[in-house]
Structure formats: C-alpha cells, structure tokens
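*Asks:* This is run_19.cif, which holds mmCIF, C-alpha atoms:
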```cif
data_my_file
#
loop_
_atom_site.label_atom_id
_atom_site.label_comp_id
_atom_site.auth_asym_id
_atom_site.auth_seq_id
_atom_site.Cartn_x
_atom_site.Cartn_y
_atom_site.Cartn_z
CA MET A 983 -242.92 -152.11 -47.55
CA LYS A 984 -243.92 -151.75 -51.20
CA ARG A 985 -243.03 -148.07 -51.05
CA ARG A 986 -239.60 -148.92 -49.58
CA ILE A 987 -238.93 -151.39 -52.39
CA LEU A 988 -239.91 -148.87 -55.06
CA LEU A 989 -237.73 -146.18 -53.47
CA SER A 990 -234.77 -148.56 -53.37
CA VAL A 991 -235.40 -149.56 -56.98
CA ALA A 992 -235.47 -145.95 -58.09
CA MET A 993 -232.19 -145.28 -56.32
CA LEU A 994 -230.58 -148.40 -57.77
CA SER A 995 -231.77 -147.63 -61.29
CA VAL A 996 -230.07 -144.25 -61.14
CA LEU A 997 -227.03 -145.83 -59.55
CA LEU A 998 -226.53 -148.64 -62.02
CA LEU A 999 -227.17 -146.47 -65.07
CA SER A 1000 -224.72 -143.82 -63.92
CA VAL A 1001 -221.76 -145.93 -62.81
CA THR A 1002 -218.82 -144.91 -64.97
CA ASP A 1003 -215.82 -145.34 -62.72
CA ALA A 1004 -215.39 -148.91 -61.56
CA ALA A 1005 -213.96 -149.74 -58.17
CA LYS A 1006 -210.23 -150.38 -58.32
CA ARG A 1007 -207.57 -151.45 -55.85
CA ALA A 1008 -204.82 -148.95 -55.20
CA VAL A 1009 -201.18 -149.86 -55.71
CA PHE A 1010 -199.23 -149.94 -52.45
CA HIS A 1011 -196.90 -147.01 -51.78
CA PRO A 1012 -193.95 -146.70 -49.38
CA PRO A 1013 -194.28 -144.34 -46.38
CA VAL A 1014 -191.29 -142.40 -47.74
CA PRO A 1015 -191.67 -142.11 -51.55
CA GLU A 1016 -188.48 -142.30 -53.56
CA GLU A 1017 -188.74 -138.66 -54.62
CA GLN A 1018 -188.62 -137.71 -50.93
CA THR A 1019 -185.63 -139.89 -50.06
CA VAL A 1020 -183.06 -137.11 -50.31
CA ALA A 1021 -185.07 -134.85 -48.00
CA TRP A 1022 -185.52 -137.77 -45.57
CA LEU A 1023 -181.77 -138.46 -45.55
CA LYS A 1024 -180.90 -134.77 -45.16
CA GLU A 1025 -183.17 -134.45 -42.16
CA ARG A 1026 -181.48 -137.34 -40.36
CA ASN A 1027 -177.86 -136.79 -41.44
CA HIS A 1028 -175.56 -133.86 -42.15
CA ASP A 1029 -176.48 -133.72 -45.84
CA ALA A 1030 -177.36 -135.97 -48.79
CA GLU A 1031 -177.63 -136.02 -52.57
CA ALA A 1032 -178.94 -138.41 -55.22
CA LEU A 1033 -176.34 -140.05 -57.47
CA GLY A 1034 -178.87 -141.64 -59.84
CA ALA A 1035 -179.83 -145.28 -60.41
CA GLY A 1036 -181.23 -145.44 -56.88
CA LEU A 1037 -177.90 -144.54 -55.25
CA TYR A 1038 -177.37 -141.79 -52.68
CA ARG A 1039 -174.39 -140.04 -51.13
CA ILE A 1040 -174.88 -139.30 -47.45
CA TYR A 1041 -172.65 -136.83 -45.63
CA TRP A 1042 -171.96 -137.29 -41.94
CA ARG A 1043 -169.98 -135.54 -39.22
CA ASP A 1044 -166.77 -137.19 -38.04
CA TYR A 1045 -166.05 -135.83 -34.55
CA SER A 1046 -162.57 -137.31 -34.33
CA GLY A 1047 -161.33 -133.86 -35.23
CA GLY A 1048 -161.35 -131.45 -38.14
CA PRO A 1049 -161.42 -127.84 -39.25
CA LEU A 1050 -165.19 -127.31 -38.77
CA ARG A 1051 -167.09 -126.35 -35.62
CA ASP A 1052 -170.65 -127.23 -34.73
CA GLU A 1053 -173.13 -125.10 -32.77
CA ARG A 1054 -171.57 -126.24 -29.50
CA GLY A 1055 -168.05 -125.45 -30.68
CA ASP A 1056 -166.96 -129.08 -31.14
CA SER A 1057 -164.64 -129.74 -34.04
CA TYR A 1058 -165.54 -132.13 -36.84
CA SER A 1059 -164.93 -132.99 -40.46
CA VAL A 1060 -167.50 -134.02 -43.10
CA ARG A 1061 -167.21 -137.45 -44.63
CA ALA A 1062 -169.29 -139.23 -47.27
CA PHE A 1063 -171.00 -142.61 -47.32
CA ASP A 1064 -172.56 -144.00 -50.50
CA TRP A 1065 -175.78 -145.91 -49.89
CA GLY A 1066 -178.18 -147.78 -52.15
CA PRO A 1067 -179.79 -148.85 -54.27
CA ARG A 1068 -182.98 -148.11 -52.38
CA GLY A 1069 -185.34 -151.07 -52.03
CA GLY A 1070 -189.10 -151.28 -52.23
CA LYS A 1071 -189.40 -150.61 -55.97
CA ALA A 1072 -192.40 -152.82 -56.56
CA ASP A 1073 -195.77 -151.88 -58.02
CA VAL A 1074 -197.95 -154.29 -56.07
CA PHE A 1075 -201.42 -154.53 -54.66
CA VAL A 1076 -202.78 -156.97 -52.12
CA SER A 1077 -206.35 -158.16 -52.59
CA SER A 1078 -208.24 -159.26 -49.47
CA ARG A 1079 -211.53 -160.77 -48.46
CA VAL A 1080 -213.14 -162.06 -45.27
CA GLU A 1081 -215.31 -165.10 -44.55
CA TRP A 1082 -217.41 -165.86 -41.50
CA VAL A 1083 -216.40 -169.16 -39.88
CA GLU A 1084 -219.21 -171.49 -38.84
CA PRO A 1085 -219.15 -172.55 -35.17
CA ALA A 1086 -218.28 -176.17 -36.06
CA HIS A 1087 -215.13 -175.02 -37.87
CA ARG A 1088 -213.80 -172.48 -35.37
CA THR A 1089 -210.29 -173.08 -34.05
CA THR A 1090 -209.56 -170.09 -31.81
CA PRO A 1091 -210.60 -169.49 -28.17
CA ASP A 1092 -213.87 -167.66 -27.62
CA THR A 1093 -213.51 -163.96 -26.84
CA GLY A 1094 -217.18 -163.08 -27.21
CA LEU A 1095 -216.72 -162.11 -30.86
CA PRO A 1096 -217.32 -164.27 -33.96
CA GLU A 1097 -214.45 -165.94 -35.80
CA TYR A 1098 -213.56 -164.83 -39.33
CA ARG A 1099 -211.05 -166.00 -41.90
CA TYR A 1100 -209.00 -163.27 -43.58
CA ILE A 1101 -207.54 -164.17 -46.99
CA TYR A 1102 -204.89 -162.30 -49.00
CA SER A 1103 -203.29 -162.46 -52.43
CA ILE A 1104 -200.30 -160.46 -53.72
CA THR A 1105 -200.10 -159.26 -57.32
CA SER A 1106 -196.87 -157.74 -58.62
CA ARG A 1107 -197.25 -155.72 -61.80
CA GLU A 1108 -194.96 -155.96 -64.81
CA THR A 1109 -193.63 -152.50 -63.87
CA SER A 1110 -192.16 -153.75 -60.57
CA GLN A 1111 -188.38 -153.56 -60.34
CA HIS A 1112 -187.92 -155.74 -57.25
CA PRO A 1113 -189.41 -159.17 -56.43
CA VAL A 1114 -191.47 -159.67 -53.26
CA HIS A 1115 -190.52 -162.13 -50.53
CA THR A 1116 -192.57 -161.15 -47.44
CA LEU A 1117 -196.10 -160.06 -46.52
CA TRP A 1118 -196.89 -158.31 -43.23
CA VAL A 1119 -200.46 -157.74 -42.03
CA ARG A 1120 -200.36 -155.40 -39.05
CA THR A 1121 -203.03 -156.45 -36.54
CA LEU A 1122 -202.36 -153.50 -34.24
CA ASP A 1123 -205.90 -153.37 -32.84
CA LEU A 1124 -205.97 -157.03 -31.85
CA PRO A 1125 -204.73 -158.02 -28.36
CA ARG A 1126 -201.48 -159.95 -28.65
CA SER A 1127 -202.88 -162.78 -26.53
CA TRP A 1128 -205.70 -163.47 -29.02
CA LEU A 1129 -204.79 -166.50 -31.10
CA ARG A 1130 -204.37 -166.25 -34.86
CA ASP A 1131 -204.80 -169.56 -36.68
CA ILE A 1132 -202.43 -168.97 -39.62
CA SER A 1133 -202.35 -170.83 -42.95
CA ASN A 1134 -199.48 -170.73 -45.45
CA PRO A 1135 -199.28 -170.96 -49.23
CA PRO A 1136 -197.17 -173.91 -50.46
CA GLY A 1137 -193.49 -173.06 -50.07
CA TRP A 1138 -194.12 -170.28 -47.54
CA LYS A 1139 -193.91 -170.09 -43.75
CA ASN A 1140 -195.37 -167.70 -41.17
CA PHE A 1141 -193.70 -165.88 -38.30
CA GLY A 1142 -196.04 -167.40 -35.70
CA GLN A 1143 -198.06 -165.59 -33.06
CA PRO A 1144 -197.09 -162.01 -32.17
CA PRO A 1145 -194.81 -161.78 -29.13
CA GLU A 1146 -196.77 -160.77 -26.04
CA PHE A 1147 -194.15 -158.41 -24.58
CA ALA A 1148 -194.69 -154.68 -24.97
CA GLY A 1149 -192.92 -153.01 -27.86
CA ALA A 1150 -192.86 -156.09 -30.09
CA SER A 1151 -194.46 -155.98 -33.52
CA ASN A 1152 -198.14 -156.97 -33.48
CA HIS A 1153 -198.61 -158.59 -36.86
CA VAL A 1154 -199.23 -161.71 -38.91
CA ALA A 1155 -196.47 -162.22 -41.47
CA TRP A 1156 -195.32 -164.70 -44.09
CA ASN A 1157 -191.93 -165.27 -45.69
CA ARG A 1158 -190.95 -167.61 -48.51
CA LYS A 1159 -189.04 -170.75 -47.59
CA PHE A 1160 -185.55 -171.31 -48.95
CA GLY A 1161 -185.83 -172.47 -52.55
CA THR A 1162 -189.30 -171.02 -53.10
CA PRO A 1163 -189.35 -168.49 -55.95
CA TYR A 1164 -189.90 -164.83 -55.18
CA ILE A 1165 -193.10 -163.16 -56.37
CA LEU A 1166 -191.61 -161.79 -59.58
CA PRO A 1167 -192.91 -158.85 -61.62
CA GLY A 1168 -196.01 -159.92 -63.53
CA THR A 1169 -196.91 -162.77 -61.16
CA SER A 1170 -199.26 -163.34 -58.23
CA GLN A 1171 -199.32 -165.43 -55.07
CA GLY A 1172 -202.41 -166.27 -53.04
CA GLY A 1173 -203.14 -168.52 -50.10
CA PHE A 1174 -202.14 -166.21 -47.25
CA ALA A 1175 -204.82 -166.57 -44.57
CA PHE A 1176 -205.52 -166.59 -40.88
CA LYS A 1177 -208.53 -167.00 -38.61
CA CYS A 1178 -209.21 -165.07 -35.42
CA ARG A 1179 -211.96 -163.71 -33.21
CA SER A 1180 -212.74 -160.16 -34.25
CA VAL A 1181 -214.99 -157.94 -36.34
CA PRO A 1182 -213.72 -157.17 -39.87
CA GLY A 1183 -212.27 -153.71 -40.38
CA ILE A 1184 -209.65 -151.93 -42.48
CA ILE A 1185 -206.01 -152.24 -41.42
CA THR A 1186 -202.50 -151.82 -42.88
CA ALA A 1187 -200.39 -154.37 -44.75
CA GLU A 1188 -197.00 -154.13 -46.43
CA VAL A 1189 -194.72 -156.23 -48.63
CA TRP A 1190 -190.96 -156.55 -48.39
CA THR A 1191 -188.80 -156.82 -51.48
CA SER A 1192 -185.31 -157.89 -52.43
CA GLY A 1193 -182.91 -155.79 -54.47
CA GLY A 1194 -182.30 -152.91 -52.09
CA SER A 1195 -179.24 -152.30 -49.95
CA ILE A 1196 -179.44 -152.73 -46.19
CA ASP A 1197 -175.76 -151.92 -45.68
CA GLY A 1198 -175.29 -149.02 -43.32
CA HIS A 1199 -172.77 -147.06 -41.35
CA GLU A 1200 -172.85 -146.59 -37.61
CA ALA A 1201 -172.76 -142.78 -37.97
CA VAL A 1202 -175.33 -142.68 -40.79
CA VAL A 1203 -179.12 -143.11 -40.72
CA THR A 1204 -180.55 -144.95 -43.74
CA PRO A 1205 -184.10 -146.19 -44.34
CA TYR A 1206 -184.93 -149.77 -43.57
CA HIS A 1207 -187.79 -151.96 -44.75
CA HIS A 1208 -190.49 -150.27 -42.69
CA GLN A 1209 -189.61 -146.88 -44.23
CA TYR A 1210 -189.64 -147.91 -47.90
CA ALA A 1211 -191.69 -151.13 -48.01
CA PRO A 1212 -194.79 -150.68 -50.22
CA ARG A 1213 -197.77 -150.28 -47.87
CA GLY A 1214 -201.53 -150.11 -48.23
CA PHE A 1215 -204.88 -151.07 -46.74
CA VAL A 1216 -206.58 -154.46 -46.55
CA ILE A 1217 -209.44 -156.09 -44.67
CA GLY A 1218 -208.29 -157.23 -41.25
CA PRO A 1219 -209.45 -157.93 -37.69
CA GLU A 1220 -210.55 -155.33 -35.17
CA ALA A 1221 -211.29 -156.13 -31.54
CA ILE A 1222 -214.26 -153.90 -30.84
CA PRO A 1223 -216.07 -154.19 -27.48
CA VAL A 1224 -218.42 -157.15 -27.31
CA GLY A 1225 -221.17 -154.90 -25.93
CA THR A 1226 -221.11 -152.46 -28.85
CA SER A 1227 -224.74 -151.55 -29.53
CA ALA A 1228 -226.62 -151.91 -32.81
CA SER A 1229 -226.74 -148.12 -33.12
CA GLU A 1230 -222.96 -147.83 -32.68
CA LEU A 1231 -222.35 -150.66 -35.16
CA THR A 1232 -224.55 -148.86 -37.69
CA ARG A 1233 -222.40 -145.74 -37.33
CA ARG A 1234 -219.32 -147.90 -37.73
CA LEU A 1235 -220.78 -149.38 -40.91
CA GLU A 1236 -221.23 -145.84 -42.26
CA THR A 1237 -217.52 -145.23 -41.64
CA LEU A 1238 -216.56 -148.46 -43.41
CA ILE A 1239 -218.54 -147.36 -46.48
CA SER A 1240 -216.79 -143.98 -46.55
CA ARG A 1241 -213.38 -145.58 -46.22
CA SER A 1242 -214.20 -148.16 -48.90
CA VAL A 1243 -215.09 -145.33 -51.30
CA THR A 1244 -211.88 -143.47 -50.45
CA LEU A 1245 -209.78 -146.61 -51.02
CA GLY A 1246 -211.44 -147.32 -54.38
CA TRP A 1247 -213.11 -150.53 -53.22
CA LEU A 1248 -216.61 -149.10 -53.72
CA ASP A 1249 -217.83 -146.75 -56.42
CA GLU A 1250 -219.20 -143.45 -55.09
CA ASP A 1251 -222.53 -143.95 -56.87
CA ALA A 1252 -222.81 -147.52 -55.60
CA ALA A 1253 -222.53 -146.21 -52.05
CA VAL A 1254 -225.59 -143.94 -52.37
CA PRO A 1255 -228.38 -146.48 -51.63
CA LEU A 1256 -226.25 -148.20 -48.99
CA ARG A 1257 -225.72 -144.93 -47.16
CA GLN A 1258 -229.41 -144.11 -47.41
CA HIS A 1259 -230.45 -147.35 -45.72
CA LEU A 1260 -227.99 -146.69 -42.89
CA ALA A 1261 -229.20 -143.11 -42.53
CA ASN A 1262 -232.79 -144.39 -42.33
CA SER A 1263 -231.70 -146.90 -39.70
CA VAL A 1264 -230.00 -144.19 -37.62
CA THR A 1265 -233.18 -142.10 -37.81
CA ALA A 1266 -235.23 -145.09 -36.64
CA PHE A 1267 -232.87 -145.63 -33.71
CA GLY A 1268 -233.43 -142.00 -32.73
CA LYS A 1269 -237.16 -142.66 -32.61
CA HIS A 1270 -236.65 -145.94 -30.71
CA GLU A 1271 -238.18 -147.81 -33.65
CA LEU A 1272 -235.93 -150.86 -33.46
CA SER A 1273 -238.00 -152.98 -35.84
CA GLU A 1274 -237.78 -150.28 -38.50
CA ALA A 1275 -234.04 -149.90 -37.88
CA ARG A 1276 -233.59 -153.64 -38.38
CA ARG A 1277 -235.64 -153.61 -41.59
CA GLU A 1278 -233.38 -150.91 -43.01
CA ILE A 1279 -230.29 -153.03 -42.28
CA GLN A 1280 -232.00 -155.97 -44.00
CA ALA A 1281 -232.68 -153.66 -46.94
CA PHE A 1282 -228.98 -152.74 -46.85
CA VAL A 1283 -228.09 -156.43 -47.17
CA ALA A 1284 -230.55 -156.90 -50.06
CA THR A 1285 -229.06 -153.91 -51.86
CA LEU A 1286 -225.61 -155.46 -51.47
CA ASP A 1287 -226.98 -158.64 -53.04
CA VAL A 1288 -228.15 -156.69 -56.10
CA LEU A 1289 -224.80 -154.92 -56.39
CA GLU A 1290 -223.08 -158.28 -56.02
CA LYS A 1291 -224.70 -159.43 -59.24
CA GLN A 1292 -223.08 -156.50 -61.03
CA ARG A 1293 -219.69 -157.98 -60.27
CA GLY A 1294 -220.26 -160.59 -62.96
CA THR A 1295 -219.38 -163.44 -60.61
CA VAL A 1296 -220.96 -164.25 -57.28
CA PRO A 1297 -218.45 -165.47 -54.65
CA GLN A 1298 -219.42 -167.96 -51.98
CA ARG A 1299 -221.60 -166.39 -49.33
CA THR A 1300 -219.66 -165.14 -46.35
CA GLY A 1301 -222.26 -166.59 -43.98
CA GLU A 1302 -224.27 -165.19 -41.13
CA PRO A 1303 -222.77 -165.00 -37.63
CA ASN A 1304 -224.30 -166.39 -34.50
CA SER A 1305 -224.96 -164.25 -31.50
CA PRO A 1306 -221.65 -162.95 -30.05
CA SER A 1307 -221.91 -165.24 -27.03
CA GLY A 1308 -222.04 -168.29 -29.30
CA GLU A 1309 -225.16 -169.48 -27.45
CA GLY A 1310 -228.60 -169.70 -28.94
CA GLU A 1311 -228.14 -169.18 -32.65
CA GLN A 1312 -229.69 -165.91 -33.78
CA GLN A 1313 -229.57 -166.23 -37.53
CA VAL A 1314 -230.39 -163.45 -39.98
CA PRO A 1315 -233.67 -164.28 -41.75
CA ALA A 1316 -233.06 -165.97 -45.08
CA GLU A 1317 -235.68 -163.77 -46.73
CA PRO A 1318 -235.70 -160.20 -45.34
CA PRO A 1319 -238.68 -157.93 -46.03
CA LEU A 1320 -236.81 -156.22 -48.86
CA LEU A 1321 -236.15 -159.09 -51.27
CA GLU A 1322 -233.38 -159.13 -53.85
CA GLU A 1323 -235.77 -160.75 -56.29
CA ALA A 1324 -238.26 -157.92 -55.92
CA LEU A 1325 -235.54 -155.35 -56.57
CA THR A 1326 -234.33 -157.17 -59.65
CA LEU A 1327 -237.88 -157.56 -60.99
CA GLN A 1328 -238.65 -153.89 -60.49
CA LEU A 1329 -235.40 -152.90 -62.21
CA ARG A 1330 -236.38 -154.92 -65.26
CA GLU A 1331 -239.89 -153.45 -65.25
CA ILE A 1332 -238.50 -149.93 -65.51
CA GLY A 1333 -236.40 -150.95 -68.48
CA PHE A 1334 -232.99 -151.61 -66.90
CA LYS A 1335 -231.28 -154.76 -68.11
CA ILE A 1336 -229.26 -156.58 -65.47
CA GLN A 1337 -225.98 -157.54 -67.07
CA GLU A 1338 -222.47 -158.47 -66.17
CA GLN A 1339 -219.91 -155.70 -65.93
CA ALA A 1340 -216.23 -156.15 -66.71
CA GLU A 1341 -215.51 -153.47 -64.12
CA PRO A 1342 -217.84 -153.89 -61.12
CA PRO A 1343 -219.03 -151.04 -58.88
CA LEU A 1344 -217.57 -152.76 -55.82
CA LEU A 1345 -214.60 -155.03 -55.21
CA GLU A 1346 -214.62 -158.18 -53.14
CA GLU A 1347 -213.04 -156.13 -50.35
CA ALA A 1348 -216.09 -153.87 -50.05
CA LEU A 1349 -218.55 -156.69 -50.66
CA THR A 1350 -217.27 -159.10 -48.00
CA LEU A 1351 -216.40 -156.33 -45.53
CA LEU A 1352 -219.91 -154.85 -45.65
CA GLN A 1353 -221.69 -158.22 -45.79
CA THR A 1354 -219.95 -159.59 -42.70
CA ASN A 1355 -220.39 -156.39 -40.71
CA ALA A 1356 -224.08 -156.10 -41.62
CA ALA A 1357 -224.66 -159.74 -40.66
CA TYR A 1358 -222.95 -159.18 -37.30
CA LEU A 1359 -224.98 -156.01 -36.78
CA LEU A 1360 -228.23 -157.92 -37.30
CA THR A 1361 -227.38 -160.21 -34.36
CA LYS A 1362 -227.53 -157.17 -32.06
CA PHE A 1363 -231.26 -156.52 -32.46
#
```
For the structure just supplied, provide its representation as structure tokens.

*Replies:*
Amino acid sequence: MKRRILLSVAMLSVLLLSVTDAAKRAVFHPPVPEEQTVAWLKERNHDAEALGAGLYRIYWRDYSGGPLRDERGDSYSVRAFDWGPRGGKADVFVSSRVEWVEPAHRTTPDTGLPEYRYIYSITSRETSQHPVHTLWVRTLDLPRSWLRDISNPPGWKNFGQPPEFAGASNHVAWNRKFGTPYILPGTSQGGFAFKCRSVPGIITAEVWTSGGSIDGHEAVVTPYHHQYAPRGFVIGPEAIPVGTSASELTRRLETLISRSVTLGWLDEDAAVPLRQHLANSVTAFGKHELSEARREIQAFVATLDVLEKQRGTVPQRTGEPNSPSGEGEQQVPAEPPLLEEALTLQLREIGFKIQEQAEPPLLEEALTLLQTNAAYLLTKF
C-alpha cells in the first residue's frame, strides 16, 4: 500500500506542476453554423443567397407554369422568398452538476438504479445577439415512462413529463413564464433541476432564443429551432442495465474520462493518474483479483479528492449510493486504503505546495460526474 501511495504521489506531483491549460466549458454551437446556412438552404430548395444582416433570399420552383423545364419535363418558374434574420445567435454555455439523492429524499419510483439530481445553469456572454428563453435537456436514453421530478427557477415553468407515444420528443425542458425577463446577454440563470433514477452520463442540451424569424413559405424549407439552436453537452441521466458488472462500469468510467477531456471539463494532465488507476483495476479484473480492483477504484476516488482541492473551492459532497436494489446499505468506506491526507502529506514532503488555482484542472462537471460514477461502481463489488 505504501508503494501505491508513493506512486500516486509521484504521478500527482508531475501532474499538478505541469498543468498549464485549465479545464474550460465550451460555448454551445448550432448544428448548422451560420456560415453553412446558404449551403443548407441550397440543398433543400432551388437556390439561395445571403443578403447580409442575417437575411437570406431563397429561390423556389413555382409549378403553376413557366418557361423552364425540370428533369421530368414539367414546366416551372423560379420565384424568390426572403427569409430571416436567422435565430440562435447566442454565445452561451450551460454548466451542469449531479448530486446523489439519499434514500430518505427520493421522490421517483424505484427502477433498480439510484436516484440523482441533475442541476443546470445558463450563462449568456456579452457577445450574444439574442436573448435566451428556453432550455431543453434531451434525455434520449431514459425510458419515457421513468418519472422525472422537475424543479423550476422562479418565474419559469417546465414542459412536464415526456409524452409516452413513439415519435414524441424525449426531453426535460423549461420555458420562461409570461412577464419573466429573458436571459439577456451578460446574464445568467440557474435553478433548472430534475431528479430521476439513472446513472450519470453525458447527454445533449440546447437553448432556444428570440430574435430570429420563424416565418416560412409552404414551398420553401427554412431552418427551425432544432437546426440553429445553440447545442452542447451536459451531465444527464443514462438508463444502463441494472446488472452491469463492476468490470463493465470501470470501462464505462474510462470512456467518461476521455469524453470529459475532449469536452474541456478535465485537463489532459489531470486525467493521467485517474486513467492509471482504472487501467490497474482492469488488469486486476483480468486476474480475478477483485479486492485489488476495488482498492484501485478507491485510489481513483482519493485522487479525485486531491484534484478537488485544486479547484479552490470544495462543493458539497455528492454522496455515496446504496446498493442498486435499495436494500441493505452498502456504503463506500469513509477512509479507503489510499488516503487523501497521505497524498497531500507526501506532496508537501517532496516540495509541492498545495494552493488554490484560479483555473482548476477539472470543472464541476468532471468532478461530480466521476465522483458519482465511481461511488456507484464501488457498490458492485
């Protein structure tokens, strides 16, 4: 165990001394960027051109007669329809975090998975051109029949549970009430939350804005909200099989780390010791050394605790889940073999000063996502 601590300390000392690029949330982007709008319109209509100031001229075929012939020999004339301005011009990001819900506070029917609370906040930058009025969190992986216990910010309302008929949107969404101000450029709005049975993963969210034109023409195809609404990734629920093994959950945790790095939630260097503990755990699984595999996951959690201190502020603990069945609490040990205190002490002994960083190596997204998944994984041993 002493050797494992020293190895982790050595890795963390290199990590913390070499972090230069802090984790950062990415600004949401529309599925069809504005610079691709003309090409998008041309593909779906006869022709199109940009007029400037977010306006577009779309050309369409009028088959009531004309001097032109199409490939089938039908006669038509070309007419123009001016559309715009295009909506979705908002530089926004949506921060997210997840909290484990204690059994006494759970409000959704048992599905065999723990209950978590997913919390979101919208920030619109000064560079936004359009205000925000709606947030959609697309829970595509969650069965429609699974209840979402939705909470609203003051002055906002939610769209209720997803319809259970096939083809309907599977989402949790909020819209401002009449008289509530929009989320204007340079402002933020938090308090969007819902609870459900699940395991935290990475899903898609989008915001809808005002300021764009939704006027159309029956013979013309123009983008609607879901084509130009700023979209990005947040923490959200996934309904994985209840019987997913500890080995499979470890592999899943590896994937969540890789995606967190790609999304900018976790610094590449900060991921190094976390990945190593998971790799060691996978190796132990291959040798059927379950106790060793568990110890490596506990070391993973302790490493997260050390990285958490680098954030400068320590959020409330996300908690430890019970066993998936909800029977016979199987808590994660409060003091795993690899202690955070031992890591911190060793770091100081080798001359590294623990200090607050203005730009942390991991965001709350990565921290709470990995903490909750590791805690759930430890219930599977």

*Asks:* What's the 10 Å shell around Val1076 in chain A, counting all atoms listed in the file, without same-chain residues fewer than 6 positions away, as a list in words?

*Replies:*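 Near neighbours after the sequence-gap exclusion: Arg1007, Ala1008, Val1009, Phe1010, Tyr1102, Ser1103, Ile1104, Thr1105, Ser1106, Leu1117, Ser1170, Gln1171, Gly1172, Ala1187, Glu1188, Val1189, Arg1213, Gly1214, Phe1215 and Val1216 of chain A.
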
*Asks:* If I take CA of Pro1219 in chain A and CA of Pro1182 in chain A, how far is one from the other in Å, to one decimal?

*Replies:*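 Separation of CA of Pro1219 in chain A and CA of Pro1182 in chain A: 4.9 Å.
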
*Asks:* Out of A:Val1288, A:Leu1349, A:Val1014, A:Val1119, which residue has the shortest atom-to-atom distance to Asn1140 in chain A when counting all atoms listed in the file?

*Replies:*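 Closest candidate: A:Val1119.
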
*Asks:* Calculate how many Å separate CA of Pro1013 in chain A from CA of Lys1177 in chain A, rounding to one decimal.

*Replies:*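 About the pair CA of Pro1013 in chain A and CA of Lys1177 in chain A: they are 27.9 Å apart.
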
*Asks:* Can you give me, as a list in words, the residues this file yields under the PyMOL selection byres ((chain A and resi 1107) around 6)?

*Replies:*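 Here the PyMOL selection byres ((chain A and resi 1107) around 6) matches Asp1073, Val1074, Ser1106, Glu1108, Thr1109, Ser1110, Pro1167 and Gly1168 of chain A.
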
*Asks:* Would you work out the distance separating CA of Pro1091 in chain A from CA of Glu1236 in chain A, expressed in Å to one decimal?

*Replies:* 29.5 Å

*Asks:* Can you pull out every residue within 10 Å of range 1028-1040 of chain A, counting all atoms listed in the file, but drop anything in the same chain fewer than 6 positions away, and send it as a ChimeraX atom specification?

*Replies:* /A:1016-1017,1019-1022,1060-1069,1071,1194-1195,1202-1204

*Asks:* Skipping near chain neighbours, those fewer than 4 positions away, what residues fall within 10 Å of Arg1234 in chain A using all atoms listed in the file, listed as a PyMOL selection string?

*Replies:* chain A and resi 1183+1228-1230+1238-1240+1355+1359

*Asks:* When you count all atoms listed in the file, which of these residues is closest to Ala1211 in chain A: A:His1115, A:Arg1079, A:Arg1130, A:His1270?

*Replies:* A:His1115

*Asks:* When you count all atoms listed in the file, which of these residues is closest to Arg1126 in chain A: A:Gln1292, A:Asn1262, A:Gln1111, A:Asn1152?

*Replies:*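 Using all atoms listed in the file, Arg1126 in chain A sits closest to A:Asn1152.
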
*Asks:* Written as a PDB file with C-alpha atoms, keeping the file's coordinate frame, what is the full residue list that the PyMOL selection byres ((chain A and resi 1093) around 10) yields on the file shown?

*Replies:*
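out.pdb was written with the following content:
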```
ATOM      1  CA  THR A1090    -209.560-170.090 -31.810  1.00  0.00           C
ATOM      2  CA  PRO A1091    -210.600-169.490 -28.170  1.00  0.00           C
ATOM      3  CA  ASP A1092    -213.870-167.660 -27.620  1.00  0.00           C
ATOM      4  CA  GLY A1094    -217.180-163.080 -27.210  1.00  0.00           C
ATOM      5  CA  LEU A1095    -216.720-162.110 -30.860  1.00  0.00           C
ATOM      6  CA  PRO A1096    -217.320-164.270 -33.960  1.00  0.00           C
ATOM      7  CA  GLU A1097    -214.450-165.940 -35.800  1.00  0.00           C
ATOM      8  CA  TRP A1128    -205.700-163.470 -29.020  1.00  0.00           C
ATOM      9  CA  CYS A1178    -209.210-165.070 -35.420  1.00  0.00           C
ATOM     10  CA  ARG A1179    -211.960-163.710 -33.210  1.00  0.00           C
ATOM     11  CA  SER A1180    -212.740-160.160 -34.250  1.00  0.00           C
ATOM     12  CA  ALA A1221    -211.290-156.130 -31.540  1.00  0.00           C
ATOM     13  CA  VAL A1224    -218.420-157.150 -27.310  1.00  0.00           C
ATOM     14  CA  PRO A1306    -221.650-162.950 -30.050  1.00  0.00           C
ATOM     15  CA  SER A1307    -221.910-165.240 -27.030  1.00  0.00           C
ATOM     16  CA  GLY A1308    -222.040-168.290 -29.300  1.00  0.00           C
TER      17      GLY A1308
END
```

*Asks:* Measuring atom to atom with all atoms listed in the file, identify which of A:Ala1155, A:Val1080, A:Ala1275, A:Ala1086 is nearest to Ile1101 in chain A.

*Replies:*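 Of A:Ala1155, A:Val1080, A:Ala1275, A:Ala1086, the one nearest Ile1101 in chain A is A:Val1080, counting all atoms listed in the file.
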
*Asks:* With a distance cut-off of 7 Å and all atoms listed in the file, select the neighbouring residues of range 1159-1163 of chain A, excluding the residue or stretch itself and same-chain residues fewer than 4 positions from it, and output the selection as a list of chain:residue names.

*Replies:*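 The neighbour list is A:Gly1137, A:Trp1138, A:Lys1139.
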